[in-house]
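Chemist: One file: input.txt (compact mmCIF, C-alpha atoms).
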# COMPACT_ATOMS: atom_id res chain seq x y z
CA MET A 1 -11.37 -1.85 -18.77
CA LYS A 2 -8.15 -1.99 -16.88
CA ARG A 3 -5.83 -3.91 -19.19
CA LEU A 4 -2.46 -2.53 -18.52
CA GLY A 5 -0.31 -4.68 -20.76
CA LEU A 6 3.38 -4.09 -20.81
CA VAL A 7 4.45 -0.72 -19.58
CA ALA A 8 7.93 0.54 -19.03
CA SER A 9 8.52 -0.27 -15.46
CA ILE A 10 9.97 3.04 -14.52
CA LEU A 11 6.64 4.62 -15.36
CA VAL A 12 4.90 2.11 -13.21
CA LEU A 13 7.27 2.71 -10.36
CA ALA A 14 6.41 6.36 -10.62
CA ALA A 15 2.72 5.69 -10.89
CA CYS A 16 2.71 3.36 -7.96
CA ALA A 17 4.83 5.51 -5.75
CA PRO A 18 3.87 5.02 -2.22
CA LYS A 19 0.16 4.46 -2.29
CA GLU A 20 -0.46 2.60 0.80
CA GLU A 21 -3.81 2.34 2.29
CA PRO A 22 -4.82 2.35 5.81
CA SER A 23 -7.35 -0.37 6.67
CA ALA A 24 -11.09 -0.25 6.11
CA LYS A 25 -12.74 2.99 5.20
CA THR A 26 -14.42 4.74 8.08
CA PRO A 27 -18.16 5.25 7.71
CA PRO A 28 -19.64 8.62 8.72
CA ALA A 29 -19.90 9.12 12.47
CA PRO A 30 -23.40 8.81 13.93
CA ALA A 31 -25.08 12.15 14.64
CA VAL A 32 -25.79 11.43 18.31
CA ALA A 33 -22.93 12.03 20.75
CA THR A 34 -23.73 11.84 24.44
CA ALA A 35 -20.35 11.30 26.06
CA PRO A 36 -18.53 14.42 27.32
CA ALA A 37 -15.62 15.53 25.17
CA PRO A 38 -12.23 14.39 26.48
CA ALA A 39 -9.91 17.05 27.81
CA VAL A 40 -7.38 16.45 25.04
CA GLU A 41 -8.80 15.61 21.65
CA PRO A 42 -6.92 12.79 19.94
CA ALA A 43 -5.87 13.55 16.37
CA PRO A 44 -8.58 12.41 13.99
CA ALA A 45 -7.82 9.31 11.99
CA PRO A 46 -6.28 10.00 8.60
CA ASP A 47 -8.50 10.09 5.55
CA THR A 48 -8.33 6.49 4.45
CA ARG A 49 -8.47 7.49 0.80
CA VAL A 50 -5.11 9.21 1.16
CA ALA A 51 -2.12 6.95 0.81
CA ALA A 52 0.37 6.89 3.66
CA MET A 53 4.02 7.12 2.66
CA ASN A 54 6.81 5.17 4.29
CA LEU A 55 9.67 7.59 4.79
CA MET A 56 13.21 7.34 6.10
CA CYS A 57 14.43 10.71 7.32
CA GLY A 58 18.01 10.45 8.56
CA ASP A 59 17.82 7.37 10.77
CA GLN A 60 14.18 7.90 11.69
CA PRO A 61 11.42 5.93 9.90
CA PHE A 62 7.95 7.48 9.51
CA ARG A 63 4.59 6.70 7.96
CA VAL A 64 2.86 9.88 6.92
CA ALA A 65 -0.40 10.56 5.08
CA PHE A 66 -0.29 13.98 3.39
CA GLU A 67 -3.81 15.34 3.10
CA GLU A 68 -5.00 18.63 1.65
CA MET A 69 -4.94 20.58 4.90
CA ARG A 70 -2.77 18.48 7.19
CA ALA A 71 -0.28 15.65 7.41
CA VAL A 72 -1.00 12.72 9.71
CA VAL A 73 1.95 10.89 11.20
CA LEU A 74 1.07 7.27 11.98
CA ASN A 75 3.03 6.51 15.13
CA ALA A 76 4.49 3.15 16.10
CA ASP A 77 2.10 2.86 19.08
CA GLY A 78 -0.95 3.17 16.83
CA SER A 79 -1.65 6.81 17.68
CA ASN A 80 -1.66 9.63 15.15
CA THR A 81 0.01 13.03 15.23
CA ASP A 82 -1.71 15.80 13.36
CA LEU A 83 0.48 18.38 11.58
CA PRO A 84 -1.56 21.28 10.19
CA LYS A 85 -0.54 22.72 6.84
CA LEU A 86 1.02 26.18 7.07
CA GLU A 87 -0.61 28.94 5.02
CA SER A 88 1.77 30.04 2.30
CA SER A 89 3.21 33.52 2.79
CA ALA A 90 5.54 35.89 0.99
CA THR A 91 8.52 34.10 2.51
CA SER A 92 7.33 30.59 1.65
CA GLU A 93 9.43 28.50 -0.68
CA PRO A 94 7.47 28.20 -3.98
CA GLY A 95 5.93 24.79 -4.60
CA VAL A 96 6.69 23.56 -1.09
CA MET A 97 3.92 22.62 1.34
CA THR A 98 4.89 22.74 4.99
CA TYR A 99 3.15 20.76 7.73
CA THR A 100 4.09 21.34 11.33
CA ASN A 101 2.97 21.20 14.94
CA GLY A 102 6.00 23.13 16.12
CA THR A 103 7.81 19.98 17.19
CA MET A 104 7.89 18.09 13.91
CA THR A 105 7.91 19.62 10.45
CA PHE A 106 7.59 17.99 7.04
CA ALA A 107 8.13 19.95 3.82
CA LYS A 108 6.76 18.28 0.71
CA SER A 109 7.27 19.32 -2.88
CA GLY A 110 6.75 17.84 -6.33
CA GLY A 111 4.23 15.17 -7.18
CA GLY A 112 2.28 14.69 -10.37
CA ASP A 113 4.76 14.87 -13.23
CA THR A 114 7.71 15.76 -11.06
CA PRO A 115 9.47 13.68 -8.42
CA THR A 116 8.05 13.99 -4.94
CA ALA A 117 10.53 15.20 -2.35
CA VAL A 118 10.01 15.25 1.40
CA ARG A 119 12.21 16.84 4.06
CA PHE A 120 11.88 16.55 7.81
CA ALA A 121 13.01 18.67 10.74
CA ARG A 122 12.57 18.26 14.46
CA GLY A 123 12.13 21.51 16.41
CA ARG A 124 14.48 24.15 15.05
CA MET A 125 17.01 21.68 13.73
CA ALA A 126 18.04 21.68 10.08
CA PHE A 127 15.95 19.84 7.51
CA GLN A 128 17.04 16.39 6.39
CA ASP A 129 16.06 14.76 3.12
CA CYS A 130 13.72 11.76 3.40
CA ALA A 131 13.90 8.61 1.32
CA ILE A 132 10.42 7.64 0.10
CA ALA A 133 9.62 3.93 -0.18
CA VAL A 134 8.51 3.13 -3.71
CA ASN A 135 6.00 0.34 -4.16
CA MET B 1 -16.07 -12.15 -21.91
CA GLY B 2 -16.93 -12.55 -18.28
CA TYR B 3 -18.94 -14.06 -15.50
CA ASP B 4 -22.28 -12.54 -14.52
CA LEU B 5 -24.12 -13.25 -11.31
CA TYR B 6 -27.58 -11.69 -11.16
CA ILE B 7 -28.65 -10.63 -7.68
CA THR B 8 -32.24 -9.70 -6.91
CA PRO B 9 -32.53 -8.15 -3.46
CA LYS B 10 -35.78 -8.62 -1.55
CA GLN B 11 -35.86 -4.88 -1.00
CA PHE B 12 -34.13 -2.87 -3.70
CA ASP B 13 -32.88 0.10 -1.69
CA PHE B 14 -30.42 1.43 -4.25
CA GLN B 15 -28.88 4.09 -2.03
CA ALA B 16 -28.37 1.76 0.91
CA MET B 17 -26.66 -0.90 -1.24
CA PHE B 18 -24.68 1.63 -3.25
CA ASP B 19 -23.39 3.33 -0.12
CA TRP B 20 -22.69 0.08 1.70
CA LEU B 21 -20.41 -1.09 -1.10
CA GLY B 22 -18.90 2.37 -1.47
CA TRP B 23 -17.75 2.40 2.14
CA ARG B 24 -15.95 -0.88 1.79
CA GLU B 25 -12.24 -0.96 1.12
CA HIS B 26 -11.14 -0.78 -2.56
CA TYR B 27 -14.52 0.27 -4.00
CA GLU B 28 -15.25 3.34 -6.09
CA GLN B 29 -18.71 4.51 -6.99
CA GLY B 30 -19.72 5.40 -10.51
CA GLU B 31 -23.18 6.43 -11.70
CA ARG B 32 -24.98 3.09 -11.42
CA GLN B 33 -21.88 0.99 -10.84
CA VAL B 34 -19.62 0.24 -7.90
CA ARG B 35 -16.22 -0.95 -8.98
CA TYR B 36 -13.72 -2.89 -6.87
CA SER B 37 -10.05 -2.45 -7.67
CA ASN B 38 -7.28 -3.58 -5.33
CA GLU B 39 -4.04 -1.86 -6.18
CA ASP B 40 -2.02 -4.39 -4.19
CA THR B 41 -3.38 -7.51 -5.89
CA GLY B 42 -4.47 -6.12 -9.26
CA VAL B 43 -7.89 -7.80 -8.85
CA TYR B 44 -10.96 -5.91 -10.06
CA PHE B 45 -14.66 -6.52 -10.68
CA SER B 46 -17.92 -4.60 -10.53
CA PHE B 47 -21.50 -4.46 -9.35
CA ASP B 48 -23.94 -2.79 -11.77
CA PHE B 49 -27.34 -1.63 -10.58
CA TYR B 50 -30.43 -1.98 -12.78
CA ASP B 51 -33.38 -0.48 -10.95
CA GLU B 52 -35.80 -0.51 -13.89
CA PRO B 53 -37.28 -3.94 -14.58
CA ALA B 54 -36.69 -5.17 -18.12
CA GLN B 55 -39.69 -4.99 -20.44
CA GLU B 56 -38.76 -7.89 -22.74
CA GLU B 57 -40.34 -11.29 -22.25
CA GLY B 58 -37.99 -13.59 -20.37
CA GLU B 59 -35.93 -10.73 -18.97
CA ARG B 60 -35.67 -9.88 -15.29
CA ARG B 61 -38.93 -8.54 -13.91
CA GLN B 62 -37.54 -6.92 -10.79
CA PRO B 63 -34.73 -4.44 -10.17
CA TYR B 64 -31.48 -6.35 -9.92
CA ILE B 65 -27.72 -6.10 -9.58
CA SER B 66 -25.28 -7.70 -11.98
CA PHE B 67 -21.97 -8.76 -10.49
CA ASN B 68 -19.32 -9.03 -13.22
CA LEU B 69 -15.90 -10.66 -13.11
CA ASN B 70 -13.86 -11.03 -16.30
CA TYR B 71 -12.60 -14.34 -17.64
CA ASN B 72 -9.06 -15.01 -18.87
CA ARG B 73 -7.71 -14.01 -15.50
CA PRO B 74 -5.53 -15.78 -12.90
CA HIS B 75 -7.58 -18.01 -10.61
CA VAL B 76 -6.94 -15.69 -7.65
CA PHE B 77 -9.43 -13.22 -9.12
CA GLY B 78 -12.18 -15.64 -8.07
CA LEU B 79 -10.66 -16.12 -4.62
CA GLU B 80 -10.65 -12.40 -3.94
CA ALA B 81 -14.11 -11.74 -5.42
CA GLU B 82 -15.96 -14.47 -3.56
CA PRO B 83 -15.87 -12.98 -0.04
CA GLU B 84 -17.09 -9.68 -1.45
CA VAL B 85 -20.12 -11.30 -3.11
CA ALA B 86 -20.80 -13.35 0.03
CA ALA B 87 -20.63 -10.25 2.23
CA PHE B 88 -23.11 -8.42 0.00
CA LEU B 89 -25.55 -11.34 0.06
CA LYS B 90 -25.21 -11.59 3.82
CA GLN B 91 -26.00 -7.90 4.22
CA PHE B 92 -28.88 -7.73 1.71
CA GLU B 93 -31.24 -10.69 1.55
CA SER B 94 -31.43 -11.65 -2.11
CA THR B 95 -32.09 -14.37 -4.62
CA ILE B 96 -29.45 -15.16 -7.21
CA ASP B 97 -29.29 -16.36 -10.78
CA ASP B 98 -26.04 -17.88 -12.00
CA PRO B 99 -26.81 -18.98 -15.58
CA GLN B 100 -23.26 -20.12 -16.43
CA MET B 101 -22.66 -23.69 -17.63
CA GLU B 102 -21.55 -25.01 -14.23
CA GLY B 103 -23.36 -22.26 -12.35
CA MET B 104 -25.47 -22.27 -9.22
CA GLY B 105 -28.64 -21.61 -11.21
CA GLN B 106 -31.29 -20.04 -8.99
CA GLY B 107 -29.23 -20.78 -5.91
CA PRO B 108 -28.67 -21.15 -3.11
CA TYR B 109 -25.39 -19.24 -3.13
CA SER B 110 -22.29 -20.97 -1.84
CA ARG B 111 -18.57 -20.27 -1.91
CA ASP B 112 -17.87 -23.58 -3.62
CA GLY B 113 -20.64 -22.99 -6.14
CA PHE B 114 -19.33 -19.54 -7.01
CA LEU B 115 -15.75 -20.74 -7.44
CA ARG B 116 -16.81 -23.80 -9.45
CA SER B 117 -18.90 -21.66 -11.77
CA TRP B 118 -16.34 -18.89 -12.31
CA ASN B 119 -13.41 -21.29 -12.66
CA ALA B 120 -15.31 -23.33 -15.27
CA GLY B 121 -16.08 -20.17 -17.23
CA ASN B 122 -12.52 -18.99 -16.84
CA ARG B 123 -11.15 -22.26 -18.23
CA PHE B 124 -13.59 -21.99 -21.12
CA GLY B 125 -12.36 -18.45 -21.69
CA PHE B 126 -8.77 -19.68 -22.03
CA GLN B 127 -9.82 -22.45 -24.43
CA ALA B 128 -11.77 -19.96 -26.52
CA ALA B 129 -8.84 -17.55 -26.57
CA GLY B 130 -6.61 -20.37 -27.79
CA SER B 131 -8.84 -21.05 -30.77
CA SER B 132 -9.03 -17.40 -31.81
CA SER B 133 -6.58 -16.07 -34.36
CA GLN B 134 -4.94 -13.60 -32.01
CA PRO B 135 -5.07 -14.94 -28.47
CA PRO B 136 -4.12 -12.59 -25.64
CA PRO B 137 -0.63 -13.16 -24.38
CA PRO B 138 -0.76 -14.23 -20.73
CA TRP B 139 2.47 -15.29 -19.11
CA SER B 140 2.59 -18.67 -17.48
CA ALA B 141 3.67 -19.38 -13.90
CA ASP B 142 3.22 -21.99 -11.19
CA PRO B 143 -0.37 -21.59 -9.91
CA ALA B 144 0.76 -22.26 -6.33
CA LEU B 145 3.29 -19.42 -6.58
CA ILE B 146 0.65 -17.10 -8.06
CA GLU B 147 -1.65 -17.89 -5.15
CA ALA B 148 1.08 -17.43 -2.55
CA ILE B 149 2.01 -14.06 -4.06
CA TRP B 150 -1.63 -13.04 -4.13
CA LYS B 151 -1.99 -13.96 -0.43
CA TRP B 152 1.03 -11.82 0.43
CA ASN B 153 -0.29 -8.87 -1.54
CA TYR B 154 -3.84 -9.33 -0.23
CA GLY B 155 -2.57 -9.15 3.34
CA ARG B 156 0.10 -6.55 2.72
CA ALA B 157 -1.82 -3.54 4.05
CA ALA B 158 -2.74 -5.35 7.26
CA LEU B 159 0.85 -6.52 7.65
CA GLN B 160 2.09 -2.95 7.18
CA LYS B 161 -0.32 -1.79 9.88
CA THR B 162 1.03 -4.44 12.23
CA ALA B 163 4.63 -3.67 11.34
CA GLY B 164 4.06 0.03 12.03
CA ASN B 165 6.45 2.65 10.78
CA GLN B 166 9.69 0.79 11.41
CA VAL B 167 9.73 -1.25 8.24
CA PHE B 168 8.18 -1.00 4.80
CA VAL B 169 6.11 -3.95 3.58
CA PRO B 170 6.30 -3.98 -0.23
CA ARG B 171 3.91 -5.59 -2.66
CA ILE B 172 5.21 -8.31 -4.97
CA THR B 173 5.13 -7.44 -8.65
CA TRP B 174 6.13 -9.21 -11.85
CA PHE B 175 8.96 -7.85 -13.96
CA LEU B 176 10.16 -8.98 -17.35
CA PRO B 177 13.93 -8.43 -17.38
CA ALA B 178 15.38 -7.09 -20.62
CA ASN B 179 16.22 -9.99 -22.95
CA ALA B 180 14.39 -12.52 -20.72
CA ASP B 181 11.53 -14.68 -21.94
CA ALA B 182 9.61 -15.04 -18.68
CA PRO B 183 8.60 -12.63 -15.92
CA VAL B 184 10.06 -12.84 -12.43
CA PRO B 185 8.44 -11.92 -9.11
CA ALA B 186 10.19 -9.12 -7.25
CA VAL B 187 9.78 -6.54 -4.50
CA ASN B 188 11.18 -3.04 -4.34
CA TRP B 189 13.89 -2.09 -1.90
CA THR B 190 14.26 1.68 -1.91
CA GLU B 191 17.69 2.94 -0.92
CA ARG B 192 17.86 3.68 2.85
CA VAL B 193 14.34 2.39 3.54
CA PRO B 194 14.17 -0.61 5.93
CA THR B 195 12.15 -3.16 3.99
CA MET B 196 10.61 -6.56 4.73
CA ILE B 197 11.40 -9.03 1.95
CA PRO B 198 9.54 -12.36 1.55
CA GLU B 199 12.51 -14.28 0.26
CA ALA B 200 10.69 -17.50 -0.67
CA LEU B 201 8.18 -15.67 -2.88
CA VAL B 202 10.51 -13.57 -4.98
CA SER B 203 13.47 -14.41 -7.15
CA HIS B 204 14.58 -10.81 -7.55
CA ILE B 205 14.72 -7.50 -5.74
CA ALA B 206 14.20 -4.23 -7.58
CA LEU B 207 16.74 -1.84 -6.09
CA VAL B 208 15.29 1.66 -6.28
CA ARG B 209 17.11 4.97 -5.91
CA GLN B 210 16.62 8.59 -6.82
CA PRO B 211 18.17 9.49 -10.19
CA ARG B 212 21.84 10.32 -9.84
CA GLN B 213 23.01 13.64 -11.23
CA SER B 214 25.87 13.14 -13.62
CA LEU B 215 28.60 15.79 -13.90
CA MET B 216 27.65 16.28 -17.56
CA ARG B 217 24.08 17.01 -16.55
CA MET B 218 25.07 19.27 -13.66
CA PHE B 219 26.97 21.47 -16.10
CA GLY B 220 24.13 21.38 -18.59
CA LEU B 221 26.10 19.31 -21.07
CA SER B 222 23.47 16.60 -21.35
CA SER B 223 19.69 16.60 -21.27
CA SER B 224 17.94 16.55 -17.91
CA ASP B 225 16.72 13.24 -16.55
CA ASP B 226 12.92 13.01 -16.42
CA ARG B 227 12.85 9.82 -14.39
CA LYS B 228 11.38 9.89 -10.89
CA PHE B 229 13.34 6.83 -9.86
CA GLU B 230 16.04 4.56 -11.16
CA PHE B 231 15.93 0.85 -10.54
CA ARG B 232 17.73 -2.33 -11.36
CA LEU B 233 16.96 -5.97 -10.68
CA ALA B 234 19.23 -8.09 -8.50
CA SER B 235 18.92 -11.72 -7.54
CA VAL B 236 17.42 -12.22 -4.09
CA LYS B 237 20.00 -14.91 -3.38
CA GLY B 238 22.84 -12.45 -3.62
CA ILE B 239 21.20 -10.08 -1.15
CA ALA B 240 19.38 -12.26 1.38
CA HIS B 241 22.53 -13.40 3.12
CA MET B 242 24.42 -10.14 3.25
CA ALA B 243 25.69 -9.29 6.71
CA GLY B 244 23.25 -7.04 8.57
CA MET B 245 19.99 -8.60 7.37
CA ASP B 246 17.66 -9.71 10.17
CA ARG B 247 15.40 -12.71 9.66
CA GLY B 248 11.88 -13.56 10.72
CA ASP B 249 8.44 -14.77 9.64
CA ALA B 250 5.41 -12.89 8.42
CA HIS B 251 2.12 -14.36 7.25
CA GLY B 252 3.74 -17.79 7.39
CA GLN B 253 6.52 -16.72 5.05
CA PRO B 254 10.20 -16.44 5.85
CA VAL B 255 11.28 -12.85 5.51
CA PHE B 256 14.42 -10.81 5.96
CA TYR B 257 14.68 -7.17 6.89
CA THR B 258 17.03 -4.68 5.34
CA PRO B 259 18.68 -2.68 8.13
CA LEU B 260 18.06 0.84 9.37
CA VAL B 261 21.61 1.80 8.47
CA GLN B 262 22.97 0.24 5.31
CA SER B 263 26.41 -1.33 5.31
CA ALA B 264 29.11 -0.34 2.85
CA ASP B 265 28.33 -3.48 0.84
CA MET B 266 24.70 -2.45 0.63
CA ASN B 267 25.61 1.09 -0.38
CA ARG B 268 27.67 -0.42 -3.19
CA LEU B 269 24.55 -2.21 -4.44
CA PHE B 270 22.94 1.18 -4.95
CA SER B 271 25.95 2.88 -6.54
CA GLY B 272 27.32 3.11 -10.06
CA ALA B 273 25.63 3.67 -13.39
CA TRP B 274 22.42 1.77 -13.94
CA PRO B 275 20.87 0.86 -17.30
CA ARG B 276 17.89 2.98 -18.27
CA ASP B 277 15.22 0.28 -18.84
CA PRO B 278 16.39 -2.92 -17.18
CA ALA B 279 12.95 -4.55 -17.08
CA SER B 280 9.30 -4.07 -17.90
CA PHE B 281 6.43 -4.30 -15.46
CA ILE B 282 3.90 -7.08 -16.11
CA ALA B 283 0.39 -6.55 -14.79
CA THR B 284 -0.79 -9.21 -12.35
CA GLU B 285 -3.73 -10.12 -14.55
CA LEU B 286 -1.32 -11.15 -17.32
CA VAL B 287 0.45 -13.82 -15.26
CA CYS B 288 -1.77 -16.90 -15.16
CA GLY B 289 -1.40 -20.45 -13.93
CA ALA B 290 0.38 -22.84 -16.28
CA ASP B 291 -2.72 -25.08 -16.12
CA LEU B 292 -4.87 -22.31 -17.58
CA VAL B 293 -2.37 -21.13 -20.17
CA SER B 294 -1.96 -24.70 -21.42
CA LEU B 295 -5.66 -24.69 -22.35
CA MET B 296 -4.89 -22.13 -25.02
CA LYS B 297 -2.69 -24.52 -26.94
CA ARG B 298 -4.51 -25.93 -29.93
Please go through the file and, once you have read it, give me the structure as structure tokens.
Modeler:
Amino acid sequence: MKRLGLVASILVLAACAPKEEPSAKTPPAPAVATAPAPAVEPAPAPDTRVAAMNLMCGDQPFRVAFEEMRAVVLNADGSNTDLPKLESSATSEPGVMTYTNGTMTFAKSGGGDTPTAVRFARGRMAFQDCAIAVN
Amino acid sequence: MGYDLYITPKQFDFQAMFDWLGWREHYEQGERQVRYSNEDTGVYFSFDFYDEPAQEEGERRQPYISFNLNYNRPHVFGLEAEPEVAAFLKQFESTIDDPQMEGMGQGPYSRDGFLRSWNAGNRFGFQAAGSSSQPPPPWSADPALIEAIWKWNYGRAALQKTAGNQVFVPRITWFLPANADAPVPAVNWTERVPTMIPEALVSHIALVRQPRQSLMRMFGLSSSDDRKFEFRLASVKGIAHMAGMDRGDAHGQPVFYTPLVQSADMNRLFSGAWPRDPASFIATELVCGADLVSLMKR
């Protein structure tokens, strides 16, 4: 039974940190596909069970859903941009997951018991810290 | 103590019904239960599947589903549950049994009948809680305000989708300020994040920032701060008319937008030392209409 009662609000703020849902869940695609594949595949829709975060990186706002193997940027025009997760290597920063398509890069760390931090870089420019909207 | 609606589908295809509910927004599947829980509104209820007919005389003779919605809840719980029950009955042809005191009996199902039945049981629940030795402690608020806040929160995700990535659409939550005797509705404004604020629905804004590092802490002279965020409550009146706020409408509510680049005045709002626990969060289900809470008084 979900009876929350009074809880210190800072805990709740942490617990509710940006959990924002895209619309209705998407049912499984039908098995039959007769149309020819388009020349350029659009990025698949984000997993609707993963919350999208509202971020402010420098003066640029973003909505991003960080999934296990990719990050999906929800663009203003309704399209999505897929950023695959980089495999960690010997030179990777510990505890930091990096998602990039070469043009845009997000680096995410923390989560769980520690504060989540997100940084953003465009191309080869320096990373900027992102403010994460708390709900 | 809760409301039960018994649903007997013409064809009891457990997997089809279980999966159909599971694919809908806000549902999670358990073993023989599908539970609805909306994080934005705080509303929850469940469908339990009983695919073995009861053996006892007078019990249900066919596999059935029990829809359950607790009593002693704000009236908006019924408003959010009803379309879900109606959608299920539309998808799977069924008979119903609503044995509550003002229930629909053996049907037919109707929106008005469902709300009449659940609301009557809910009122009874409040009366019963009032006559018990330790009644639960709901907070009292204007039922119209509770409903307006619920509508905002119910439509928040869709509004965020429409608004895109340029502005954050926050949910409205109830906070109990330290030393106050009643909760206040508020939305979060995170430092630097452009945010849409429904000014007529909230009395306060929770200003949120990342914990500041004090010099003492930087030099290891005080314990580390384990908080993920710091916040403080500010009156919406003091913020709504600051220079730089844009105005508009959303979902029939007047709103203002915090800007992409904060002014010096706004930066000052987020500066300085903030108290550690300025307010407590109050779950939505604990803020009920004054009409319902008054039923608890003996």
Chemist: Within 12 Å of A:Gly110, counting all atoms listed in the file, which residues qualify if same-chain residues fewer than 3 places away don't, as a list of chain:residue names?
Modeler: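 Contacts, in chain order: A:Pro94, A:Gly95, A:Val96, A:Met97, A:Ala107, A:Asp113, A:Thr114, A:Pro115, A:Thr116, A:Ala117, A:Val118, A:Arg119, B:Lys228.
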Chemist: Name the closest residue to chain A among the candidates B:Asn122, B:Thr173, B:Thr95, B:Ser131; distances are taken between atoms, counting all atoms listed in the file.
Modeler: B:Thr173
Chemist: Could you tell me which residues of chain B sit within 6 Å of chain A when counting all atoms listed in the file, and give me the result as JSON, numbers by chain?
Modeler: {"B": [23, 25, 164, 165, 166, 170, 190, 193, 228, 280, 281, 282]}
Chemist: Select all residues near (19.8, -9.2, -9.1) (cut-off 10 Å, inclusive, file coordinates), counting only C-alpha atoms, and output them as JSON, numbers by chain.
Modeler: {"B": [186, 203, 204, 205, 206, 207, 232, 233, 234, 235, 236, 237, 238, 239, 269]}
Chemist: Just write the chosen residues, C-alpha atoms, as a short mmCIF file (atom, residue, chain, number, x, y, z; two decimals), keeping the file's coordinate frame.
Modeler:
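Generated file (selection_39.cif):
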data_model
loop_
_atom_site.label_atom_id
_atom_site.label_comp_id
_atom_site.auth_asym_id
_atom_site.auth_seq_id
_atom_site.Cartn_x
_atom_site.Cartn_y
_atom_site.Cartn_z
CA ALA B 186 10.19 -9.12 -7.25
CA SER B 203 13.47 -14.41 -7.15
CA HIS B 204 14.58 -10.81 -7.55
CA ILE B 205 14.72 -7.50 -5.74
CA ALA B 206 14.20 -4.23 -7.58
CA LEU B 207 16.74 -1.84 -6.09
CA ARG B 232 17.73 -2.33 -11.36
CA LEU B 233 16.96 -5.97 -10.68
CA ALA B 234 19.23 -8.09 -8.50
CA SER B 235 18.92 -11.72 -7.54
CA VAL B 236 17.42 -12.22 -4.09
CA LYS B 237 20.00 -14.91 -3.38
CA GLY B 238 22.84 -12.45 -3.62
CA ILE B 239 21.20 -10.08 -1.15
CA LEU B 269 24.55 -2.21 -4.44
#
Chemist: Please compute the atom CA of B:Phe45-atom CA of B:Phe77 distance, one decimal, in Å.
Modeler: 8.6 Å
Chemist: Counting all atoms listed in the file, which residue out of B:Gly125, B:Gly22, B:Pro185, B:Pro63 sits closest to B:Phe49?
Modeler: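 The answer is B:Pro63, which sits nearest to B:Phe49.
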Chemist: Please identify all polymer residues lying at most 9 Å from the point (24.0, -6.9, 6.2) (file coordinates), using all atoms listed in the file, and present the result as a ChimeraX atom specification.
Modeler: /B:239-246,258-259,262-266
Chemist: Considering only C-alpha atoms, return as JSON, numbers by chain whatever protein or nucleic-acid residues lie within 12 Å of B:Gly248, sequence-local ones (same chain, fewer than 4 positions apart) excluded.
Modeler: {"B": [196, 197, 198, 199, 252, 253, 254, 255, 256, 257, 258]}
Chemist: Between atom CA of B:Asp97 and atom CA of B:Ile7, measure the distance and give it in Å to one decimal.
Modeler: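 Here the two named atoms are 6.5 Å from each other.
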Chemist: What does the distance from atom CA of B:Ala120 to atom CA of B:Val34 come to in Å, to one decimal?
Modeler: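 One can read the atom CA of B:Ala120 to atom CA of B:Val34 distance as 25.1 Å.
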